[in-house]
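S.K.: Sharing run_5.pdb below, PDB, C-alpha atoms and all ligand atoms:
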```pdb
ATOM      1  CA  MET R   1      15.760 187.624 189.943  1.00  0.00           C
ATOM      2  CA  GLU R   2      16.135 190.945 191.688  1.00  0.00           C
ATOM      3  CA  SER R   3      16.460 191.208 195.486  1.00  0.00           C
ATOM      4  CA  LYS R   4      13.545 192.844 197.333  1.00  0.00           C
ATOM      5  CA  ALA R   5      15.669 193.959 200.299  1.00  0.00           C
ATOM      6  CA  LYS R   6      18.304 196.370 198.969  1.00  0.00           C
ATOM      7  CA  ILE R   7      20.497 199.197 200.195  1.00  0.00           C
ATOM      8  CA  LEU R   8      22.220 201.593 197.767  1.00  0.00           C
ATOM      9  CA  GLY R   9      21.045 199.375 194.950  1.00  0.00           C
ATOM     10  CA  HIS R  10      22.592 196.151 196.343  1.00  0.00           C
ATOM     11  CA  PRO R  11      20.996 193.216 198.202  1.00  0.00           C
ATOM     12  CA  ILE R  12      21.300 193.607 202.017  1.00  0.00           C
ATOM     13  CA  HIS R  13      21.545 189.887 202.823  1.00  0.00           C
ATOM     14  CA  PRO R  14      25.036 189.292 201.331  1.00  0.00           C
ATOM     15  CA  VAL R  15      26.235 192.459 203.114  1.00  0.00           C
ATOM     16  CA  LEU R  16      25.080 191.229 206.542  1.00  0.00           C
ATOM     17  CA  ILE R  17      26.052 187.564 206.337  1.00  0.00           C
ATOM     18  CA  VAL R  18      29.765 188.377 206.542  1.00  0.00           C
ATOM     19  CA  PHE R  19      29.244 189.202 210.233  1.00  0.00           C
ATOM     20  CA  PRO R  20      27.805 185.868 211.454  1.00  0.00           C
ATOM     21  CA  LEU R  21      30.019 183.827 209.127  1.00  0.00           C
ATOM     22  CA  GLY R  22      33.197 185.659 210.137  1.00  0.00           C
ATOM     23  CA  LEU R  23      32.438 185.983 213.836  1.00  0.00           C
ATOM     24  CA  LEU R  24      31.167 182.420 214.350  1.00  0.00           C
ATOM     25  CA  ALA R  25      33.940 180.785 212.308  1.00  0.00           C
ATOM     26  CA  THR R  26      36.538 182.811 214.225  1.00  0.00           C
ATOM     27  CA  SER R  27      34.975 181.777 217.546  1.00  0.00           C
ATOM     28  CA  VAL R  28      35.546 178.118 216.651  1.00  0.00           C
ATOM     29  CA  ILE R  29      39.132 178.875 215.599  1.00  0.00           C
ATOM     30  CA  PHE R  30      39.750 180.690 218.913  1.00  0.00           C
ATOM     31  CA  ASP R  31      38.358 177.700 220.834  1.00  0.00           C
ATOM     32  CA  ILE R  32      40.834 175.474 219.017  1.00  0.00           C
ATOM     33  CA  VAL R  33      43.650 177.943 219.792  1.00  0.00           C
ATOM     34  CA  ALA R  34      42.593 177.886 223.478  1.00  0.00           C
ATOM     35  CA  LEU R  35      42.673 174.078 223.528  1.00  0.00           C
ATOM     36  CA  VAL R  36      46.062 173.867 221.834  1.00  0.00           C
ATOM     37  CA  SER R  37      47.758 176.733 223.715  1.00  0.00           C
ATOM     38  CA  HIS R  38      46.067 176.147 227.117  1.00  0.00           C
ATOM     39  CA  ALA R  39      45.522 179.927 227.233  1.00  0.00           C
ATOM     40  CA  PRO R  40      41.955 180.473 228.540  1.00  0.00           C
ATOM     41  CA  ARG R  41      41.695 184.043 227.256  1.00  0.00           C
ATOM     42  CA  TRP R  42      41.204 182.714 223.693  1.00  0.00           C
ATOM     43  CA  ALA R  43      38.117 180.831 224.892  1.00  0.00           C
ATOM     44  CA  GLU R  44      36.883 184.017 226.547  1.00  0.00           C
ATOM     45  CA  PHE R  45      37.309 185.955 223.278  1.00  0.00           C
ATOM     46  CA  ALA R  46      35.457 183.109 221.521  1.00  0.00           C
ATOM     47  CA  THR R  47      32.509 183.487 223.908  1.00  0.00           C
ATOM     48  CA  TYR R  48      32.080 187.156 222.992  1.00  0.00           C
ATOM     49  CA  LEU R  49      32.496 186.412 219.278  1.00  0.00           C
ATOM     50  CA  THR R  50      29.793 183.748 219.550  1.00  0.00           C
ATOM     51  CA  ALA R  51      27.326 186.191 221.136  1.00  0.00           C
ATOM     52  CA  ALA R  52      28.021 188.822 218.460  1.00  0.00           C
ATOM     53  CA  GLY R  53      27.754 186.207 215.691  1.00  0.00           C
ATOM     54  CA  VAL R  54      24.357 184.987 216.912  1.00  0.00           C
ATOM     55  CA  VAL R  55      23.031 188.575 216.888  1.00  0.00           C
ATOM     56  CA  GLY R  56      24.509 189.065 213.394  1.00  0.00           C
ATOM     57  CA  GLY R  57      22.892 185.824 212.197  1.00  0.00           C
ATOM     58  CA  LEU R  58      19.459 186.885 213.419  1.00  0.00           C
ATOM     59  CA  LEU R  59      19.817 190.265 211.660  1.00  0.00           C
ATOM     60  CA  ALA R  60      21.038 188.658 208.404  1.00  0.00           C
ATOM     61  CA  ALA R  61      18.085 186.248 208.422  1.00  0.00           C
ATOM     62  CA  VAL R  62      15.585 189.121 207.979  1.00  0.00           C
ATOM     63  CA  PRO R  63      16.542 190.296 204.431  1.00  0.00           C
ATOM     64  CA  GLY R  64      17.262 186.656 203.493  1.00  0.00           C
ATOM     65  CA  THR R  65      13.704 185.728 204.407  1.00  0.00           C
ATOM     66  CA  ILE R  66      12.301 188.740 202.505  1.00  0.00           C
ATOM     67  CA  ASP R  67      14.190 187.635 199.370  1.00  0.00           C
ATOM     68  CA  TRP R  68      13.134 184.009 199.808  1.00  0.00           C
ATOM     69  CA  LEU R  69       9.456 184.952 200.112  1.00  0.00           C
ATOM     70  CA  ALA R  70       9.678 186.657 196.692  1.00  0.00           C
ATOM     71  CA  ILE R  71      10.985 183.517 194.906  1.00  0.00           C
ATOM     72  CA  PRO R  72       8.190 181.913 192.829  1.00  0.00           C
ATOM     73  CA  ARG R  73       6.784 178.671 194.236  1.00  0.00           C
ATOM     74  CA  GLY R  74       7.567 175.363 192.554  1.00  0.00           C
ATOM     75  CA  THR R  75      11.068 176.445 191.513  1.00  0.00           C
ATOM     76  CA  ARG R  76      14.337 174.773 192.498  1.00  0.00           C
ATOM     77  CA  ALA R  77      15.438 178.125 193.942  1.00  0.00           C
ATOM     78  CA  LYS R  78      12.476 178.067 196.358  1.00  0.00           C
ATOM     79  CA  ARG R  79      13.459 174.590 197.608  1.00  0.00           C
ATOM     80  CA  VAL R  80      17.190 175.346 197.838  1.00  0.00           C
ATOM     81  CA  GLY R  81      16.369 178.628 199.605  1.00  0.00           C
ATOM     82  CA  LEU R  82      14.201 176.785 202.134  1.00  0.00           C
ATOM     83  CA  VAL R  83      16.937 174.272 202.980  1.00  0.00           C
ATOM     84  CA  HIS R  84      19.474 177.123 203.099  1.00  0.00           C
ATOM     85  CA  GLY R  85      17.278 179.267 205.378  1.00  0.00           C
ATOM     86  CA  VAL R  86      16.168 176.495 207.764  1.00  0.00           C
ATOM     87  CA  GLY R  87      19.728 175.155 207.849  1.00  0.00           C
ATOM     88  CA  ASN R  88      21.060 178.573 208.806  1.00  0.00           C
ATOM     89  CA  VAL R  89      18.456 179.005 211.546  1.00  0.00           C
ATOM     90  CA  ILE R  90      19.733 175.656 212.937  1.00  0.00           C
ATOM     91  CA  VAL R  91      23.323 176.972 212.621  1.00  0.00           C
ATOM     92  CA  VAL R  92      22.404 180.099 214.617  1.00  0.00           C
ATOM     93  CA  GLY R  93      20.547 177.873 217.144  1.00  0.00           C
ATOM     94  CA  LEU R  94      23.634 175.680 217.619  1.00  0.00           C
ATOM     95  CA  PHE R  95      25.808 178.725 218.316  1.00  0.00           C
ATOM     96  CA  LEU R  96      23.161 180.092 220.672  1.00  0.00           C
ATOM     97  CA  LEU R  97      23.369 176.754 222.533  1.00  0.00           C
ATOM     98  CA  ASP R  98      27.178 177.088 222.463  1.00  0.00           C
ATOM     99  CA  TRP R  99      26.873 180.536 224.120  1.00  0.00           C
ATOM    100  CA  VAL R 100      24.238 179.471 226.684  1.00  0.00           C
ATOM    101  CA  LEU R 101      26.408 176.548 227.813  1.00  0.00           C
ATOM    102  CA  ARG R 102      29.520 178.710 228.304  1.00  0.00           C
ATOM    103  CA  ARG R 103      28.186 182.108 229.364  1.00  0.00           C
ATOM    104  CA  GLU R 104      28.826 181.468 233.084  1.00  0.00           C
ATOM    105  CA  THR R 105      32.371 180.176 232.472  1.00  0.00           C
ATOM    106  CA  PRO R 106      33.534 181.982 229.292  1.00  0.00           C
ATOM    107  CA  ALA R 107      37.200 181.143 229.859  1.00  0.00           C
ATOM    108  CA  ALA R 108      36.479 177.448 230.542  1.00  0.00           C
ATOM    109  CA  PRO R 109      33.733 176.369 228.109  1.00  0.00           C
ATOM    110  CA  PRO R 110      32.300 172.863 228.658  1.00  0.00           C
ATOM    111  CA  PRO R 111      32.973 170.298 225.893  1.00  0.00           C
ATOM    112  CA  GLY R 112      29.291 170.429 224.858  1.00  0.00           C
ATOM    113  CA  SER R 113      29.566 174.098 223.918  1.00  0.00           C
ATOM    114  CA  ILE R 114      32.680 173.520 221.824  1.00  0.00           C
ATOM    115  CA  ALA R 115      30.986 170.562 220.113  1.00  0.00           C
ATOM    116  CA  ALA R 116      27.894 172.691 219.313  1.00  0.00           C
ATOM    117  CA  GLY R 117      30.161 175.293 217.685  1.00  0.00           C
ATOM    118  CA  LEU R 118      32.018 172.690 215.633  1.00  0.00           C
ATOM    119  CA  ILE R 119      28.779 171.105 214.386  1.00  0.00           C
ATOM    120  CA  GLY R 120      27.376 174.581 213.655  1.00  0.00           C
ATOM    121  CA  LEU R 121      30.426 175.502 211.594  1.00  0.00           C
ATOM    122  CA  GLY R 122      30.272 172.220 209.672  1.00  0.00           C
ATOM    123  CA  LEU R 123      26.606 172.808 208.849  1.00  0.00           C
ATOM    124  CA  ALA R 124      27.360 176.440 207.879  1.00  0.00           C
ATOM    125  CA  LEU R 125      29.762 175.172 205.204  1.00  0.00           C
ATOM    126  CA  VAL R 126      26.871 173.275 203.599  1.00  0.00           C
ATOM    127  CA  THR R 127      24.300 176.086 203.973  1.00  0.00           C
ATOM    128  CA  GLY R 128      26.867 178.640 202.756  1.00  0.00           C
ATOM    129  CA  TRP R 129      27.408 176.558 199.632  1.00  0.00           C
ATOM    130  CA  LEU R 130      23.645 176.493 199.119  1.00  0.00           C
ATOM    131  CA  GLY R 131      23.662 180.307 199.435  1.00  0.00           C
ATOM    132  CA  GLY R 132      26.273 180.452 196.671  1.00  0.00           C
ATOM    133  CA  GLU R 133      24.078 178.119 194.599  1.00  0.00           C
ATOM    134  CA  LEU R 134      21.152 180.510 195.069  1.00  0.00           C
ATOM    135  CA  VAL R 135      23.143 183.476 193.777  1.00  0.00           C
ATOM    136  CA  GLY R 136      25.698 182.064 191.318  1.00  0.00           C
ATOM    137  CA  ARG R 137      23.661 179.281 189.781  1.00  0.00           C
ATOM    138  CA  LEU R 138      20.037 180.222 190.274  1.00  0.00           C
ATOM    139  CA  GLY R 139      20.409 183.990 189.934  1.00  0.00           C
ATOM    140  CA  VAL R 140      18.557 184.915 193.128  1.00  0.00           C
ATOM    141  CA  GLY R 141      19.463 188.448 194.232  1.00  0.00           C
ATOM    142  CA  VAL R 142      20.924 189.245 190.796  1.00  0.00           C
ATOM    143  CA  ASP R 143      19.417 192.211 188.941  1.00  0.00           C
ATOM    144  CA  ASP R 144      17.279 191.268 185.954  1.00  0.00           C
ATOM    145  CA  GLY R 145      19.343 191.709 182.813  1.00  0.00           C
ATOM    146  CA  ALA R 146      22.655 191.987 184.715  1.00  0.00           C
ATOM    147  CA  ASN R 147      25.537 192.130 182.246  1.00  0.00           C
ATOM    148  CA  LEU R 148      29.201 193.113 182.000  1.00  0.00           C
ATOM    149  CA  ASN R 149      28.373 196.625 180.789  1.00  0.00           C
ATOM    150  CA  ALA R 150      25.383 197.364 183.041  1.00  0.00           C
ATOM    151  CA  PRO R 151      25.281 200.931 184.394  1.00  0.00           C
ATOM    152  CA  SER R 152      25.872 201.678 188.107  1.00  0.00           C
ATOM    153  CA  SER R 153      23.248 200.479 190.607  1.00  0.00           C
ATOM    154  CA  LEU R 154      23.019 204.124 191.713  1.00  0.00           C
ATOM    155  CA  SER R 155      22.162 205.423 188.228  1.00  0.00           C
ATOM    156  CA  GLY R 156      18.461 204.590 188.589  1.00  0.00           C
ATOM    157  CA  ARG R 157      18.633 202.870 185.188  1.00  0.00           C
ATOM    158  CA  PRO R 158      17.848 199.191 184.616  1.00  0.00           C
ATOM    159  CA  ALA R 159      20.766 196.748 184.333  1.00  0.00           C
ATOM    160  CA  THR R 160      19.768 196.162 180.711  1.00  0.00           C
ATOM    161  CA  ALA R 161      20.681 199.763 179.800  1.00  0.00           C
ATOM    162  CA  SER R 162      24.177 200.318 178.401  1.00  0.00           C
ATOM    163  CA  ALA R 163      26.792 201.984 180.605  1.00  0.00           C
ATOM    164  CA  TYR R 164      28.391 203.353 177.458  1.00  0.00           C
ATOM    165  CA  ALA R 165      25.534 205.271 175.913  1.00  0.00           C
ATOM    166  CA  GLY R 166      26.261 208.316 173.724  1.00  0.00           C
ATOM    167  CA  GLY R 167      29.839 209.578 173.359  1.00  0.00           C
ATOM    168  CA  GLU R 168      31.320 206.861 175.536  1.00  0.00           C
ATOM    169  CA  ARG R 169      30.152 204.201 173.121  1.00  0.00           C
ATOM    170  CA  ARG R 170      32.573 205.580 170.529  1.00  0.00           C
ATOM    171  CA  HIS R 171      35.525 204.893 172.836  1.00  0.00           C
ATOM    172  CA  PHE R 172      34.480 201.641 174.428  1.00  0.00           C
ATOM    173  CA  GLY R 173      32.470 199.949 171.685  1.00  0.00           C
ATOM    174  CA  GLN R 174      35.327 197.494 171.097  1.00  0.00           C
ATOM    175  CA  PRO R 175      36.819 195.491 173.959  1.00  0.00           C
ATOM    176  CA  ALA R 176      40.357 196.692 174.810  1.00  0.00           C
ATOM    177  CA  TYR R 177      41.740 193.272 173.951  1.00  0.00           C
ATOM    178  CA  ALA R 178      39.891 192.948 170.654  1.00  0.00           C
ATOM    179  CA  GLY R 179      42.959 193.507 168.508  1.00  0.00           C
ATOM    180  CA  ALA R 180      45.165 191.113 170.436  1.00  0.00           C
ATOM    181  CA  GLU R 181      42.421 188.522 170.462  1.00  0.00           C
ATOM    182  CA  ARG R 182      42.048 188.776 166.697  1.00  0.00           C
ATOM    183  CA  ARG R 183      45.767 188.451 166.242  1.00  0.00           C
ATOM    184  CA  GLY R 184      45.842 185.389 168.528  1.00  0.00           C
ATOM    185  CA  ARG R 185      43.223 183.696 166.439  1.00  0.00           C
ATOM    186  CA  GLY R 186      45.074 184.576 163.265  1.00  0.00           C
ATOM    187  CA  VAL R 187      42.216 186.670 161.844  1.00  0.00           C
TER     188      VAL R 187
HETATM  189  C1  LIG R 201      21.268 183.625 209.319  1.00  0.00           C
HETATM  190  C2  LIG R 201      22.304 183.168 208.721  1.00  0.00           C
HETATM  191  C3  LIG R 201      22.462 183.153 207.228  1.00  0.00           C
HETATM  192  C4  LIG R 201      23.658 183.108 206.593  1.00  0.00           C
HETATM  193  C5  LIG R 201      25.022 183.065 207.259  1.00  0.00           C
HETATM  194  C6  LIG R 201      23.381 183.099 205.161  1.00  0.00           C
HETATM  195  C7  LIG R 201      24.360 183.023 204.181  1.00  0.00           C
HETATM  196  C8  LIG R 201      24.142 183.204 202.844  1.00  0.00           C
HETATM  197  C9  LIG R 201      25.161 183.201 201.822  1.00  0.00           C
HETATM  198  C10 LIG R 201      26.653 182.923 202.064  1.00  0.00           C
HETATM  199  C11 LIG R 201      24.558 183.499 200.653  1.00  0.00           C
HETATM  200  C12 LIG R 201      25.266 183.641 199.297  1.00  0.00           C
HETATM  201  C13 LIG R 201      25.604 185.110 199.129  1.00  0.00           C
HETATM  202  C14 LIG R 201      26.398 185.393 197.867  1.00  0.00           C
HETATM  203  O1  LIG R 201      27.004 184.478 197.288  1.00  0.00           O
HETATM  204  O2  LIG R 201      26.414 186.581 197.459  1.00  0.00           O
HETATM  205  C15 LIG R 201      23.137 183.645 200.897  1.00  0.00           C
HETATM  206  C16 LIG R 201      22.177 183.947 199.958  1.00  0.00           C
HETATM  207  C17 LIG R 201      20.813 183.889 200.187  1.00  0.00           C
HETATM  208  N1  LIG R 201      20.192 183.570 201.376  1.00  0.00           N
HETATM  209 FE1  LIG R 201      21.095 183.341 203.170  1.00  0.00          FE
HETATM  210  N2  LIG R 201      22.027 183.140 204.958  1.00  0.00           N
HETATM  211  C18 LIG R 201      21.416 183.157 206.191  1.00  0.00           C
HETATM  212  C19 LIG R 201      20.050 183.130 206.448  1.00  0.00           C
HETATM  213  C20 LIG R 201      19.086 183.085 205.476  1.00  0.00           C
HETATM  214  C21 LIG R 201      17.672 182.898 205.711  1.00  0.00           C
HETATM  215  C22 LIG R 201      17.010 182.666 207.083  1.00  0.00           C
HETATM  216  C23 LIG R 201      17.057 182.925 204.503  1.00  0.00           C
HETATM  217  C24 LIG R 201      15.590 182.703 204.236  1.00  0.00           C
HETATM  218  C25 LIG R 201      15.143 181.712 203.552  1.00  0.00           C
HETATM  219  C26 LIG R 201      18.079 183.159 203.486  1.00  0.00           C
HETATM  220  C27 LIG R 201      17.858 183.296 202.127  1.00  0.00           C
HETATM  221  C28 LIG R 201      18.821 183.600 201.189  1.00  0.00           C
HETATM  222  C29 LIG R 201      18.546 183.981 199.815  1.00  0.00           C
HETATM  223  C30 LIG R 201      17.159 184.149 199.176  1.00  0.00           C
HETATM  224  C31 LIG R 201      19.795 184.170 199.198  1.00  0.00           C
HETATM  225  C32 LIG R 201      20.047 184.624 197.730  1.00  0.00           C
HETATM  226  C33 LIG R 201      20.689 186.030 197.706  1.00  0.00           C
HETATM  227  C34 LIG R 201      19.829 187.122 198.242  1.00  0.00           C
HETATM  228  O3  LIG R 201      18.620 187.039 198.140  1.00  0.00           O
HETATM  229  O4  LIG R 201      20.382 188.095 198.791  1.00  0.00           O
HETATM  230  N3  LIG R 201      19.300 183.216 204.124  1.00  0.00           N
HETATM  231  N4  LIG R 201      22.912 183.473 202.241  1.00  0.00           N
END
```
Would you encode the structure as structure tokens?
M.R.:
Amino acid sequence: MESKAKILGHPIHPVLIVFPLGLLATSVIFDIVALVSHAPRWAEFATYLTAAGVVGGLLAAVPGTIDWLAIPRGTRAKRVGLVHGVGNVIVVGLFLLDWVLRRETPAAPPPGSIAAGLIGLGLALVTGWLGGELVGRLGVGVDDGANLNAPSSLSGRPATASAYAGGERRHFGQPAYAGAERRGRGV
């Protein structure tokens, strides 16, 4: 089902989620680097990454919620989306806790803040998988009628229209590998 929150013909949510996922995961990695290398500046970098990731997570939640609201009730997608959304709000909350606990001492974060980040990242792996389930398996955020020859999202035409209408159809009507495939099958 088609996304309701789009930019340039594409869903906004998958565009924005790269920021919280990348920033928050990297903050945990930098904390580990700080612990292993005993170089406090990595923990300081991690503190700033955490703050930016929390802001990114809050922004990404807006189009995600808009898309979730449009999913029909009683479907598996609605339930998976709810667990995914609530889970991700908890993830953002854990990283907010991480930041609150370390903001006064960014280069020397207390163990509780590092633990909150680790738990948050672990939970994000589960909620991220659920996000993939929503898109790849349940078709949420996928244009109705999406297919391998759909025209550009910027064309203003539905995905069901052919990209190769008119003269182009004459050139591309057969897949480029059609001959080889036929030969392989011995036909
Ligand atoms: C705030 C942190 C969030 C992160 C990091 C996140 C992450 C993800 C990921 C990784 C996907 C799969 C994208 C893809 O495979 O293209 C996804 C899809 C989705 N998420 Fe989230 N999500 C967040 C918040 C939310 C919230 C609060 C909701 C509301 C219920 C939500 C609803 C959805 C929906 C409906 C989809 C299907 C695709 C779409 O509609 O764009 N997400 N999310």
S.K.: Could you list, as a ChimeraX atom specification, every residue matched by the PyMOL selection byres (((not hetatm)) within 8 of (chain R and resi 201)) in this structure?
M.R.: /R:2-5,11-14,17-18,20-21,56-69,71,81-86,88-89,91-92,124,127-136,139-142
S.K.: What gap, in Å, lies between atom CA of Val33 of chain R and atom CA of Val15 of chain R?
M.R.: 28.1 Å
S.K.: Hey, what's within 10 Å of Gly9 of chain R if we count all atoms listed in the file and toss same-chain stuff fewer than 4 positions away? As a ChimeraX atom specification, please?
M.R.: /R:3,5,143,152-156
S.K.: For atom CA of Asp144 of chain R and atom CA of Gly74 of chain R, determine how far apart the two atoms are, in Å to one decimal place.
M.R.: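 The value is 19.8 Å.
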S.K.: Excluding same-chain residues fewer than 2 positions from Gly120 of chain R, what lies within 7 Å of it counting all atoms listed in the file, as an mmCIF file with C-alpha atoms, in the frame of the given file?
M.R.:
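Below is the file that was written, around_35.cif:
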```cif
data_model
loop_
_atom_site.group_PDB
_atom_site.id
_atom_site.type_symbol
_atom_site.label_atom_id
_atom_site.label_comp_id
_atom_site.auth_asym_id
_atom_site.auth_seq_id
_atom_site.Cartn_x
_atom_site.Cartn_y
_atom_site.Cartn_z
ATOM 1 C CA VAL R 91 23.323 176.972 212.621
ATOM 2 C CA LEU R 94 23.634 175.680 217.619
ATOM 3 C CA PHE R 95 25.808 178.725 218.316
ATOM 4 C CA ALA R 116 27.894 172.691 219.313
ATOM 5 C CA GLY R 117 30.161 175.293 217.685
ATOM 6 C CA LEU R 118 32.018 172.690 215.633
ATOM 7 C CA GLY R 122 30.272 172.220 209.672
ATOM 8 C CA LEU R 123 26.606 172.808 208.849
ATOM 9 C CA ALA R 124 27.360 176.440 207.879
#
```
S.K.: Find the residue from R:Pro158, R:Val126, R:Met1, R:Trp99 that sits nearest to Val80 of chain R; use all atoms listed in the file when measuring.
M.R.: R:Val126
S.K.: To one decimal in Å, tell me the separation between atom CA of Pro111 of chain R and atom CA of Phe45 of chain R.
M.R.: 16.5 Å
S.K.: Between R:Pro40, R:Leu138, R:Phe19, R:Leu35, which one has atoms that come closest to Val55 of chain R, using only C-alpha atoms?
M.R.: R:Phe19
S.K.: Taking into account only C-alpha atoms, which residue in the set R:Arg157, R:Ala77, R:Thr50, R:Gly87 is nearest to Pro106 of chain R?
M.R.: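 Checking each of R:Arg157, R:Ala77, R:Thr50, R:Gly87 against Pro106 of chain R, counting only C-alpha atoms, the winner is R:Thr50.
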S.K.: Which of these residues is nearest to Gly93 of chain R, using all atoms listed in the file: R:Asn149, R:Thr160, R:Ser113, R:Thr105?
M.R.: R:Ser113
